[in-house]
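Below is the file target.txt, which contains compact mmCIF, C-alpha atoms.
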# COMPACT_ATOMS: atom_id res chain seq x y z
CA MET A 95 -3.46 -23.47 148.95
CA GLU A 96 -2.29 -19.86 148.82
CA PHE A 97 -0.26 -17.87 146.29
CA ASP A 98 2.91 -15.83 146.72
CA ILE A 99 2.85 -12.56 144.78
CA PRO A 100 6.42 -11.23 144.97
CA ASP A 101 5.80 -7.58 144.05
CA THR A 102 3.09 -4.97 143.61
CA VAL A 103 4.57 -3.39 140.49
CA ASN A 104 4.09 -6.03 137.80
CA GLY A 105 0.99 -7.93 136.78
CA HIS A 106 0.56 -11.51 137.96
CA THR A 107 -1.72 -14.31 136.79
CA ILE A 108 -2.82 -16.97 139.25
CA SER A 109 -5.22 -19.87 138.90
CA MET A 110 -6.41 -22.66 141.16
CA THR A 111 -8.18 -25.82 140.04
CA THR A 112 -10.39 -27.62 142.54
CA ARG A 113 -10.97 -31.36 142.43
CA ASP A 114 -14.21 -33.33 142.68
CA PHE A 115 -16.32 -30.18 142.40
CA ASP A 116 -19.96 -31.22 142.75
CA ALA A 117 -21.61 -29.24 139.94
CA VAL A 118 -24.03 -30.38 137.27
CA PRO A 119 -25.52 -28.66 134.20
CA GLY A 120 -27.96 -25.96 135.27
CA ASP A 121 -26.20 -25.11 138.51
CA THR A 122 -25.13 -21.53 139.22
CA VAL A 123 -21.49 -21.22 140.25
CA TYR A 124 -20.34 -18.19 142.22
CA GLY A 125 -16.76 -17.02 142.57
CA GLN A 126 -15.35 -14.49 145.00
CA MET A 127 -12.02 -12.86 145.73
CA ALA A 128 -11.01 -11.20 148.98
CA LEU A 129 -8.08 -9.02 150.04
CA MET A 130 -6.95 -10.21 153.47
CA ASP A 131 -4.09 -9.90 155.97
CA TRP A 132 -2.23 -7.10 154.21
CA GLY A 133 -1.85 -4.92 157.28
CA LEU A 134 -3.45 -1.91 158.93
CA GLY A 135 -3.21 0.53 156.03
CA ILE A 136 -5.47 1.13 153.03
CA TYR A 137 -4.81 -1.23 150.14
CA ARG A 138 -6.20 -1.78 146.64
CA VAL A 139 -6.03 -4.62 144.14
CA ASP A 140 -6.35 -3.79 140.44
CA LEU A 141 -7.81 -6.69 138.46
CA GLU A 142 -7.59 -7.08 134.70
CA TYR A 143 -10.01 -9.99 134.75
CA PHE A 144 -11.52 -12.56 137.10
CA ARG A 145 -13.23 -15.68 135.80
CA VAL A 146 -14.56 -19.03 136.96
CA ASP A 147 -14.79 -22.00 134.59
CA ILE A 148 -15.93 -25.58 134.85
CA VAL A 149 -13.08 -27.61 133.36
CA ASN A 150 -11.98 -31.17 132.83
CA THR A 151 -9.24 -31.52 135.42
CA ASP A 152 -7.54 -34.25 133.38
CA SER A 153 -6.84 -31.82 130.54
CA ALA A 154 -6.91 -28.40 132.23
CA GLY A 155 -3.14 -28.16 132.55
CA PRO A 156 -1.12 -26.88 135.52
CA ASP A 157 -2.24 -23.97 137.65
CA ARG A 158 -0.48 -20.63 137.21
CA GLY A 159 1.34 -18.70 139.89
CA VAL A 160 3.56 -19.66 142.81
CA GLN A 161 1.46 -21.87 145.05
CA VAL A 162 2.14 -22.03 148.79
CA PRO A 163 0.57 -24.81 150.88
CA TYR A 164 -1.62 -23.41 153.65
CA ARG A 165 -0.21 -24.40 157.05
CA PRO A 166 1.57 -27.59 156.01
CA PRO A 167 2.50 -30.19 158.66
CA ILE A 168 5.52 -29.18 160.76
CA PRO A 169 8.48 -31.47 159.98
CA ASP A 170 11.21 -32.50 162.41
CA PRO A 171 13.89 -29.76 162.39
CA LEU A 172 16.52 -32.51 162.11
CA SER A 173 15.08 -33.44 158.72
CA PHE A 174 16.64 -30.28 157.25
CA ALA A 175 20.21 -30.18 156.01
CA LEU A 176 21.04 -26.69 157.28
CA HIS A 177 20.55 -25.09 160.69
CA VAL A 178 21.66 -21.45 160.67
CA PRO A 179 21.58 -19.38 163.88
CA VAL A 180 20.71 -15.70 163.70
CA ALA A 181 23.49 -13.24 162.98
CA GLY A 182 21.51 -10.57 164.82
CA ASP A 183 18.36 -10.44 166.95
CA ALA A 184 16.88 -7.41 168.65
CA THR A 185 13.78 -5.67 169.93
CA ILE A 186 12.72 -2.27 168.61
CA ASP A 187 10.09 -0.09 170.24
CA LEU A 188 7.64 2.03 168.26
CA GLN A 189 6.71 4.17 171.28
CA TYR A 190 10.32 4.91 172.19
CA PRO A 191 11.98 4.93 168.75
CA ASP A 192 15.25 6.48 169.95
CA LEU A 193 15.90 3.98 172.75
CA LYS A 194 17.91 0.79 172.29
CA PHE A 195 16.70 -2.48 173.78
CA GLY A 196 19.78 -4.65 173.33
CA ARG A 197 19.87 -5.34 177.08
CA TRP A 198 16.13 -5.96 177.47
CA SER A 199 15.99 -8.73 180.05
CA ALA A 200 13.87 -10.52 182.65
CA ALA A 201 13.91 -9.00 186.14
CA GLY A 202 14.20 -11.10 189.27
CA SER A 203 16.24 -13.92 187.75
CA ALA A 204 19.39 -15.22 189.41
CA GLU A 205 21.16 -14.72 186.11
CA THR A 206 20.54 -12.19 183.37
CA VAL A 207 18.14 -13.53 180.75
CA ARG A 208 18.16 -11.45 177.57
CA LEU A 209 14.80 -11.35 175.83
CA LEU A 210 13.20 -10.63 172.49
CA ALA A 211 9.79 -9.04 173.02
CA ALA A 212 6.68 -8.70 170.86
CA SER A 213 3.93 -6.54 172.32
CA ALA A 214 1.73 -3.58 171.42
CA ALA A 215 4.70 -1.29 170.78
CA GLN A 216 7.56 -3.77 170.44
CA TYR A 217 8.69 -5.73 167.39
CA ILE A 218 11.39 -8.37 167.10
CA ILE A 219 13.83 -8.17 164.20
CA LEU A 220 16.00 -11.09 163.07
CA LYS A 221 18.69 -11.44 160.42
CA TRP A 222 20.97 -14.20 159.16
CA ASP A 223 24.23 -14.42 157.25
CA LEU A 224 23.01 -16.37 154.22
CA GLN A 225 25.74 -15.18 151.86
CA PRO A 226 27.31 -18.68 151.70
CA PHE A 227 24.04 -19.97 150.20
CA LYS A 228 23.45 -17.21 147.65
CA GLY A 229 22.65 -18.65 144.24
CA ARG A 230 21.16 -21.82 145.66
CA GLN A 231 17.54 -22.80 145.31
CA ALA A 232 15.37 -23.44 148.35
CA GLY A 233 14.50 -27.11 148.52
CA GLY A 234 11.11 -26.34 150.06
CA ALA A 235 9.73 -24.45 153.01
CA GLY A 236 11.94 -23.83 156.03
CA LEU A 237 11.35 -23.49 159.76
CA LEU A 238 12.03 -20.62 162.13
CA GLU A 239 12.72 -21.86 165.67
CA LEU A 240 12.09 -19.56 168.64
CA THR A 241 12.16 -20.58 172.31
CA THR A 242 9.45 -19.18 174.58
CA TYR A 243 10.37 -17.35 177.78
CA SER A 244 6.91 -16.06 178.70
CA LEU A 245 3.48 -15.36 177.24
CA GLN A 246 0.64 -13.17 178.46
CA ARG A 247 -2.74 -13.14 176.74
CA SER A 248 -6.40 -13.61 177.65
CA PRO A 249 -8.30 -16.89 177.12
CA ASP A 250 -11.34 -14.78 176.27
CA TYR A 251 -9.92 -13.57 172.96
CA PRO A 252 -11.59 -14.62 169.69
CA LYS A 253 -9.81 -16.78 167.15
CA ASP A 254 -6.65 -15.27 165.62
CA PHE A 255 -6.39 -12.58 168.30
CA GLY A 256 -3.47 -12.64 170.71
CA MET A 257 -1.07 -14.35 168.31
CA VAL A 258 2.14 -13.13 166.67
CA ARG A 259 2.65 -12.23 163.02
CA VAL A 260 5.82 -13.03 161.07
CA CYS A 261 6.73 -10.60 158.27
CA GLU A 262 9.63 -10.08 155.88
CA ILE A 263 12.16 -7.31 156.40
CA LEU A 264 12.45 -5.66 152.99
CA GLY A 265 14.23 -2.41 153.81
CA GLY A 266 15.75 -0.41 156.62
CA ASP A 267 19.37 -0.44 157.72
CA PRO A 268 20.87 -3.79 156.63
CA ALA A 269 23.87 -3.34 158.94
CA TRP A 270 21.95 -2.87 162.20
CA ASP A 271 23.73 -4.02 165.35
CA GLN A 272 21.71 -5.94 167.92
CA ASN A 273 23.26 -4.07 170.84
CA SER A 274 22.67 -0.55 169.56
CA VAL A 275 19.81 -0.65 167.05
CA THR A 276 16.77 1.52 167.71
CA CYS A 277 13.52 1.77 165.81
CA ALA A 278 14.65 5.12 164.38
CA SER A 279 18.06 3.86 163.29
CA PHE A 280 16.54 0.70 161.81
CA THR A 281 13.95 2.53 159.69
CA GLN A 282 16.42 5.33 158.79
CA GLY A 283 13.68 7.94 159.07
CA LYS A 284 11.33 6.21 156.63
CA PRO A 285 7.88 4.75 157.35
CA LEU A 286 8.03 1.43 159.18
CA ASP A 287 6.08 -0.31 156.39
CA GLU A 288 8.95 0.43 154.02
CA ALA A 289 11.27 -1.59 156.23
CA ILE A 290 8.91 -4.34 157.39
CA ASN A 291 6.38 -5.74 154.95
CA SER A 292 2.87 -5.17 156.27
CA GLN A 293 1.79 -8.36 154.47
CA MET A 294 2.37 -11.27 156.79
CA VAL A 295 4.24 -14.50 156.08
CA ILE A 296 2.24 -16.43 158.67
CA ASP A 297 0.37 -15.87 161.93
CA VAL A 298 1.07 -18.28 164.78
CA ALA A 299 -0.04 -18.95 168.33
CA VAL A 300 2.91 -18.84 170.73
CA LYS A 301 3.45 -21.84 172.99
CA GLY A 302 3.08 -20.62 176.56
CA ASP A 303 5.39 -22.92 178.54
CA ARG A 304 8.87 -21.60 179.25
CA GLY A 305 11.43 -23.42 177.11
CA SER A 306 8.85 -24.49 174.52
CA LYS A 307 10.05 -24.60 170.93
CA ASN A 308 7.97 -22.60 168.47
CA LEU A 309 8.47 -24.04 164.98
CA ILE A 310 7.16 -21.59 162.40
CA THR A 311 6.83 -22.40 158.71
CA ILE A 312 8.71 -20.06 156.37
CA SER A 313 7.34 -20.65 152.89
CA ARG A 314 9.64 -21.57 150.03
CA PRO A 315 9.19 -18.24 148.15
CA VAL A 316 10.04 -16.24 151.30
CA LEU A 317 13.03 -18.47 152.01
CA GLN A 318 14.20 -18.03 148.42
CA ARG A 319 14.04 -14.25 148.73
CA MET A 320 16.13 -14.50 151.88
CA LEU A 321 18.71 -16.67 150.11
CA ASP A 322 18.79 -14.20 147.20
CA GLY A 323 19.25 -11.23 149.53
CA LYS A 324 15.95 -9.65 148.48
CA SER A 325 14.57 -10.10 152.00
CA ARG A 326 16.87 -8.94 154.79
CA GLY A 327 15.39 -11.03 157.56
CA LEU A 328 12.18 -11.57 159.51
CA ALA A 329 10.19 -9.48 161.96
CA ILE A 330 7.82 -10.68 164.68
CA LYS A 331 4.87 -8.38 165.41
CA PRO A 332 1.90 -8.72 167.77
CA LEU A 333 -1.43 -9.77 166.31
CA GLY A 334 -3.92 -8.32 168.73
CA ALA A 335 -3.25 -7.91 172.45
CA VAL A 336 -0.35 -10.14 173.44
CA ASN A 337 2.95 -9.96 175.31
CA ALA A 338 5.30 -12.64 174.00
CA ALA A 339 8.93 -12.97 175.05
CA PHE A 340 11.50 -15.32 173.54
CA TYR A 341 15.05 -16.11 174.55
CA ALA A 342 17.62 -13.96 172.75
CA SER A 343 20.77 -15.40 171.22
CA GLU A 344 23.07 -14.32 174.07
CA ASN A 345 21.66 -16.69 176.68
CA GLN A 346 23.71 -19.64 177.96
CA GLY A 347 26.23 -19.55 175.17
CA GLY A 348 23.61 -19.60 172.43
CA ARG A 349 21.58 -22.50 173.81
CA PHE A 350 18.30 -20.81 172.90
CA VAL A 351 19.46 -18.95 169.80
CA PRO A 352 16.79 -18.42 167.11
CA VAL A 353 17.53 -20.78 164.23
CA LEU A 354 16.49 -21.00 160.59
CA HIS A 355 16.22 -24.62 159.44
CA PHE A 356 16.16 -25.25 155.69
CA THR A 357 17.48 -27.33 152.81
CA THR A 358 18.83 -26.09 149.48
CA ASN A 359 19.28 -27.62 146.07
CA PRO A 360 22.67 -27.02 144.38

What do you get writing this file as structure tokens?
Amino acid sequence: MEFDIPDTVNGHTISMTTRDFDAVPGDTVYGQMALMDWGLGIYRVDLEYFRVDIVNTDSAGPDRGVQVPYRPPIPDPLSFALHVPVAGDATIDLQYPDLKFGRWSAAGSAETVRLLAASAAQYIILKWDLQPFKGRQAGGAGLLELTTYSLQRSPDYPKDFGMVRVCEILGGDPAWDQNSVTCASFTQGKPLDEAINSQMVIDVAVKGDRGSKNLITISRPVLQRMLDGKSRGLAIKPLGAVNAAFYASENQGGRFVPVLHFTTNP
């Protein structure tokens, strides 16, 4: 189980109760807290208190904080009530911030195949028109569906290296156009971390076969922020050395369009 902390301005209290903890009187119990997966910058957590207690789980009461299941089972996309295609999908390039990549495509194909690319200098940005669902409550976690075009990575990499990282888009130009957006126009001259949250939503291994469906869990708190308009979309970044390409929305009349699957409560 993980916890979603929605901001870094206010204080937050979280607690987690384990079950069937094998401790007896006289044992020494150690607790630890780690700061992980926040990004490549320098980060700090200010703690008011940190404590570990042995409690009776029958009377301890509910845990505090917004709990997020860690890598829950992937449901069938058809089990969701709503299937919303992207309103915009594009690649931006950190090395060439003034160039647009709206026509980034595979070479050597009989027909033009538009691609979304995540690599050392390239990020994918995605947005949806969720205005019709504003005010609704997310019924649970959702799924992001991306279709693989190609994947290059080494089998020699250690665990969690050569994957992709999904992050929330919290700032930047909300009206970016997929055909003309550049990294510079998207960030509007501000640091990239102010547009794309350095804290990840989830890290995933990309399926390597062309046409494979990558079904990526989008936690309920993140989905709720997207429904509320607090998050402006999702970004796909490289995690380690990887070149991952997915079909863009333009291909074959939208056959491979990235889709957000979710269910809402009224």

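Nearest residue to Phe356 of chain A, choosing from A:Pro249, A:Gly234, A:Gly302, A:Gly229 and counting all atoms listed in the file: A:Gly234.
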
| field | For segment 205-215 of chain A: contacts at 8 Å, only C-alpha atoms, fewer than 2 positions along chain excluded, given as number ranges by chain | value | A: 183-185, 187-189, 197-201, 203, 217-218, 243, 258, 330-332, 334-345

| field | Who sits within 10 Å of Leu328 of chain A, only C-alpha atoms, same chain under 5 positions skipped, as a PyMOL selection string | value | chain A and resi 183+218-222+238+260-264+290-291+295+312+316+320

Output C-alpha atoms for every residue in the selection just made, as a JSON list (two decimals), in the coordinates of the input.
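Final output, saved to result_14.json:
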[["chain", "number", "residue", "atom", "x", "y", "z"],
["A", 183, "ASP", "CA", 18.36, -10.44, 166.95],
["A", 218, "ILE", "CA", 11.39, -8.37, 167.10],
["A", 219, "ILE", "CA", 13.83, -8.17, 164.20],
["A", 220, "LEU", "CA", 16.00, -11.09, 163.07],
["A", 221, "LYS", "CA", 18.69, -11.44, 160.42],
["A", 222, "TRP", "CA", 20.97, -14.20, 159.16],
["A", 238, "LEU", "CA", 12.03, -20.62, 162.13],
["A", 260, "VAL", "CA", 5.82, -13.03, 161.07],
["A", 261, "CYS", "CA", 6.73, -10.60, 158.27],
["A", 262, "GLU", "CA", 9.63, -10.08, 155.88],
["A", 263, "ILE", "CA", 12.16, -7.31, 156.40],
["A", 264, "LEU", "CA", 12.45, -5.66, 152.99],
["A", 290, "ILE", "CA", 8.91, -4.34, 157.39],
["A", 291, "ASN", "CA", 6.38, -5.74, 154.95],
["A", 295, "VAL", "CA", 4.24, -14.50, 156.08],
["A", 312, "ILE", "CA", 8.71, -20.06, 156.37],
["A", 316, "VAL", "CA", 10.04, -16.24, 151.30],
["A", 320, "MET", "CA", 16.13, -14.50, 151.88]]

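Taking all atoms listed in the file into account, Met294 of chain A lies nearest to A:Leu134 out of the set A:Leu134, A:Leu237, A:Met95, A:Val180.
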
| task | Around the point (28.7, -17.7, 155.3) in the file's coordinates, collect all residues with an atom within 12 Å, using all atoms listed in the file, and return them as number ranges by chain. | result | A: 176, 178-181, 222-228, 321

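Atom CA of Asp147 of chain A is found 12.6 Å from atom CA of Pro119 of chain A.
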
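If you measure from each of A:Ala235, A:Val162, A:Ala299, A:Val149 to Thr357 of chain A using only C-alpha atoms, the closest one turns out to be A:Ala235.
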
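The smallest atom-to-atom distance between Thr242 of chain A and any of A:Phe280, A:Tyr190, A:Trp270, A:Phe350, using only C-alpha atoms, is found for A:Phe350.
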